[in-house]
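Chemist: Quick one: the structure is below, and I'll ask about it shortly.
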Number of protein chains: 2
Amino acid sequence: MYAINHRVGIQAPSEQVYEALTTNDGLMKWWTNDVSGAGDVGAVIKFRFNGSGPDFKVAKLVANNTVVWQHSGNVPEAWKGTEISFQLSSDGQQTFVNFSHSNWQQATDFMAHCNTKWTVFMLSLKEALESGQGKPFPNDISIDHS
Amino acid sequence: MYAINHRVGIQAPSEQVYEALTTNDGLMKWWTNDVSGAGDVGAVIKFRFNGSGPDFKVAKLVANNTVVWQHSGNVPEAWKGTEISFQLSSDGQQTFVNFSHSNWQQATDFMAHCNTKWTVFMLSLKEALESGQGKPFPNDISIDHS
């Protein structure tokens, strides 16, 4: 099994970061502009990019601290069985987000692509909270020409 | 052992990408503005960030295709024994760079930080080659507040 791990420090209270990870409006500010279904544990969040995209089931929530999603359907095939988690912590001046996308079966070019792209969205989350303006799809930074 | 893998697609000929990875001038356009020692296999490249930073020994070069460096001294401690490689390929419209920083002993917060930060520099490499203006240190994008 392989995992993608990122870490960013955001100058915003953990409550605001948590909201950006657990509500449709919050998620639409940094990952994609088409999100529905966010809610409590058991909810299935639908992330869409020009109409298609992954579903994730909310597996664990600890207020202002932990968010865990399990991939529960749709594309991409390589994400089947994977899990995404966000762990929040603070050093007094910033909220650190430890992001993990784990349980990958293979370390492929596609996984490397996703690893690079997750940084783009973690920086979008940071910008959304610090400046009020993130770069969710379709305004995300391109990492290649496809 | 753990590895960081990224993949970006750059609209520039592989010759230009290779030059940006193998010459002092090229490296200074995307990683840090203070680089010396770049050269053939066996050369030790000194990357400096406000005076300190890692040395890497050039371990393998295949023109316009492969660059491998072995960490050979200085900071950071966690990079001891690690290796960095760049593999170039083309799909006709872009040069793909498969970046790998491998042989990490532990998957720590610091490794997650470096993973996120390597994206920043891969995007800087992409910008440097596509627009003529990268974001090498000290103009690199901040991923936290330290």
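Naming scheme: A, B, ... for chains in displayed order of the structure tokens; residues 1 onward per chain; ligands 1 onward as shown.
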Find the residues in chain A near chain B: any atom within 9 Å counts, using only C-alpha atoms. Write them as an NGL selection string.
Modeler: :A and (2 or 4-11 or 93-94 or 96 or 98-99 or 107 or 109-120 or 122-123 or 126 or 142-146)
Chemist: Those same residues - C-alpha atoms - I'd like them written as an mmCIF file, in the first residue's frame.
Modeler:
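Saved as out-v4.cif:
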```cif
data_model
loop_
_atom_site.group_PDB
_atom_site.id
_atom_site.type_symbol
_atom_site.label_atom_id
_atom_site.label_comp_id
_atom_site.auth_asym_id
_atom_site.auth_seq_id
_atom_site.Cartn_x
_atom_site.Cartn_y
_atom_site.Cartn_z
ATOM 1 C CA TYR A 2 1.134 3.542 -0.745
ATOM 2 C CA ILE A 4 0.217 10.549 -0.282
ATOM 3 C CA ASN A 5 0.992 12.856 2.647
ATOM 4 C CA HIS A 6 0.962 16.642 2.612
ATOM 5 C CA ARG A 7 1.283 19.289 5.313
ATOM 6 C CA VAL A 8 0.397 22.968 5.128
ATOM 7 C CA GLY A 9 0.114 25.670 7.788
ATOM 8 C CA ILE A 10 -2.859 28.011 7.528
ATOM 9 C CA GLN A 11 -3.376 31.270 9.385
ATOM 10 C CA GLN A 93 -0.050 30.997 15.181
ATOM 11 C CA GLN A 94 -1.399 28.659 12.517
ATOM 12 C CA PHE A 96 -1.538 22.737 10.439
ATOM 13 C CA ASN A 98 -1.915 16.946 7.708
ATOM 14 C CA PHE A 99 -3.539 15.549 4.593
ATOM 15 C CA ALA A 107 2.756 3.746 -7.105
ATOM 16 C CA ASP A 109 2.339 7.811 -12.832
ATOM 17 C CA PHE A 110 -1.290 8.557 -12.018
ATOM 18 C CA MET A 111 -0.536 8.454 -8.288
ATOM 19 C CA ALA A 112 2.407 10.844 -8.843
ATOM 20 C CA HIS A 113 0.055 13.111 -10.806
ATOM 21 C CA CYS A 114 -2.482 13.035 -7.958
ATOM 22 C CA ASN A 115 0.245 13.706 -5.408
ATOM 23 C CA THR A 116 1.304 16.852 -7.272
ATOM 24 C CA LYS A 117 -2.319 17.888 -7.788
ATOM 25 C CA TRP A 118 -3.213 17.485 -4.104
ATOM 26 C CA THR A 119 -0.638 20.168 -3.303
ATOM 27 C CA VAL A 120 -2.424 22.472 -5.717
ATOM 28 C CA MET A 122 -4.028 22.195 -0.346
ATOM 29 C CA LEU A 123 -2.614 25.562 -1.421
ATOM 30 C CA LYS A 126 -4.810 27.786 2.362
ATOM 31 C CA SER A 142 -2.649 23.202 -14.250
ATOM 32 C CA ILE A 143 0.222 20.809 -13.699
ATOM 33 C CA ASP A 144 0.291 19.517 -17.265
ATOM 34 C CA HIS A 145 -1.345 19.998 -20.672
ATOM 35 C CA SER A 146 -4.043 17.399 -21.161
#
```
Chemist: Determine which residues of stretch 1-144 of chain B receive a DSSP assignment of helix (DSSP H, G or I), computed from the backbone, and state them as an MDAnalysis selection string.
Modeler: chainID B and resid 14:22 24:27 77:79 109:131
Chemist: Fewer than 2 positions away in the same chain doesn't count, so skip those; otherwise give me all residues within 6 Å of A:His71, counting only C-alpha atoms, as an NGL selection string.
Modeler: :A and (56 or 82-83)
Chemist: Tell me which protein, DNA and RNA residues are within 8 Å of A:Met1, counting only C-alpha atoms, leaving out same-chain ones fewer than 6 positions away, and put them as JSON, numbers by chain.
Modeler: {"A": [102, 103, 104, 105, 106]}
Chemist: At a cut-off of 9 Å, using only C-alpha atoms, what residues contact stretch 30-34 of chain B? Leave out same-chain residues fewer than 3 positions from it and give the result as a PyMOL selection string.
Modeler: chain B and resi 20+24-27+46-51+121-128+133-140
Chemist: Please list as a CSV table (one decimal) with all heavy atoms, in the first residue's frame every residue within 8 Å of A:Ala63, counting only C-alpha atoms and excluding residues in the same chain fewer than 3 positions away.
Modeler:
```csv
chain,number,residue,atom,x,y,z
A,15,GLU,N,-11.5,26.0,13.6
A,15,GLU,CA,-12.9,25.9,13.3
A,15,GLU,C,-13.2,26.3,11.9
A,15,GLU,O,-14.1,25.7,11.3
A,15,GLU,CB,-13.7,26.9,14.3
A,15,GLU,CG,-13.7,26.6,15.7
A,15,GLU,CD,-12.4,26.9,16.5
A,15,GLU,OE1,-11.5,27.5,15.8
A,15,GLU,OE2,-12.4,26.7,17.7
A,18,TYR,N,-12.0,23.4,9.6
A,18,TYR,CA,-12.9,22.3,9.7
A,18,TYR,C,-14.1,22.6,8.9
A,18,TYR,O,-14.6,21.6,8.2
A,18,TYR,CB,-13.2,22.1,11.2
A,18,TYR,CG,-14.1,20.9,11.5
A,18,TYR,CD1,-13.5,19.6,11.5
A,18,TYR,CD2,-15.4,21.0,11.8
A,18,TYR,CE1,-14.3,18.5,11.8
A,18,TYR,CE2,-16.2,19.9,12.1
A,18,TYR,CZ,-15.6,18.6,12.0
A,18,TYR,OH,-16.3,17.5,12.3
A,66,THR,N,-10.5,16.3,13.2
A,66,THR,CA,-10.3,15.1,12.3
A,66,THR,C,-11.4,15.0,11.3
A,66,THR,O,-12.6,15.1,11.7
A,66,THR,CB,-10.2,13.8,13.1
A,66,THR,OG1,-9.2,13.9,14.1
A,66,THR,CG2,-9.9,12.6,12.2
```
Chemist: Going by DSSP on the backbone, which bits of chain B are strand (DSSP E)? Write them as an NGL selection string, please.
Modeler: :B and (2-10 or 34-36 or 44-48 or 55-62 or 66-73 or 83-90 or 95-104)
Chemist: For the selection just defined, write its residues with C-alpha atoms to a file, as an mmCIF file, in the first residue's frame.
Modeler:
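The resulting file, part_22.cif, is reproduced below:
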```
data_model
loop_
_atom_site.group_PDB
_atom_site.id
_atom_site.type_symbol
_atom_site.label_atom_id
_atom_site.label_comp_id
_atom_site.auth_asym_id
_atom_site.auth_seq_id
_atom_site.Cartn_x
_atom_site.Cartn_y
_atom_site.Cartn_z
ATOM 1 C CA TYR B 2 9.496 5.850 1.534
ATOM 2 C CA ALA B 3 9.488 7.953 -1.617
ATOM 3 C CA ILE B 4 8.057 11.225 -2.864
ATOM 4 C CA ASN B 5 6.872 11.078 -6.483
ATOM 5 C CA HIS B 6 5.625 13.970 -8.575
ATOM 6 C CA ARG B 7 4.726 14.365 -12.238
ATOM 7 C CA VAL B 8 4.315 17.561 -14.233
ATOM 8 C CA GLY B 9 3.971 18.223 -17.954
ATOM 9 C CA ILE B 10 5.947 21.135 -19.380
ATOM 10 C CA ASP B 34 22.200 30.247 -4.937
ATOM 11 C CA VAL B 35 23.536 27.175 -6.764
ATOM 12 C CA SER B 36 27.122 26.231 -7.560
ATOM 13 C CA VAL B 44 28.819 18.077 -6.166
ATOM 14 C CA ILE B 45 26.095 20.675 -6.495
ATOM 15 C CA LYS B 46 25.682 23.068 -3.562
ATOM 16 C CA PHE B 47 22.154 24.376 -3.087
ATOM 17 C CA ARG B 48 22.009 27.239 -0.581
ATOM 18 C CA ASP B 55 24.821 19.181 -1.338
ATOM 19 C CA PHE B 56 23.973 16.616 -3.987
ATOM 20 C CA LYS B 57 26.431 14.535 -5.978
ATOM 21 C CA VAL B 58 25.517 13.940 -9.612
ATOM 22 C CA ALA B 59 25.188 10.141 -9.865
ATOM 23 C CA LYS B 60 23.804 9.590 -13.357
ATOM 24 C CA LEU B 61 23.118 11.651 -16.452
ATOM 25 C CA VAL B 62 21.504 10.580 -19.728
ATOM 26 C CA THR B 66 17.673 11.167 -16.883
ATOM 27 C CA VAL B 67 19.217 13.064 -13.957
ATOM 28 C CA VAL B 68 20.066 11.358 -10.649
ATOM 29 C CA TRP B 69 21.557 13.019 -7.571
ATOM 30 C CA GLN B 70 22.690 11.484 -4.292
ATOM 31 C CA HIS B 71 22.532 13.562 -1.123
ATOM 32 C CA SER B 72 26.140 14.037 -0.134
ATOM 33 C CA GLY B 73 26.217 16.361 2.827
ATOM 34 C CA GLU B 83 18.353 10.225 -3.780
ATOM 35 C CA ILE B 84 16.624 12.557 -6.199
ATOM 36 C CA SER B 85 15.856 11.629 -9.789
ATOM 37 C CA PHE B 86 14.239 13.300 -12.751
ATOM 38 C CA GLN B 87 13.016 11.159 -15.632
ATOM 39 C CA LEU B 88 11.959 12.989 -18.792
ATOM 40 C CA SER B 89 9.548 11.699 -21.419
ATOM 41 C CA SER B 90 7.419 13.253 -24.135
ATOM 42 C CA THR B 95 7.841 17.019 -21.720
ATOM 43 C CA PHE B 96 6.764 15.065 -18.676
ATOM 44 C CA VAL B 97 9.033 15.227 -15.648
ATOM 45 C CA ASN B 98 8.765 12.316 -13.232
ATOM 46 C CA PHE B 99 10.426 13.543 -10.069
ATOM 47 C CA SER B 100 11.357 11.196 -7.252
ATOM 48 C CA HIS B 101 12.976 11.863 -3.872
ATOM 49 C CA SER B 102 13.504 8.368 -2.513
ATOM 50 C CA ASN B 103 15.093 6.336 0.285
ATOM 51 C CA TRP B 104 13.461 8.210 3.163
#
```
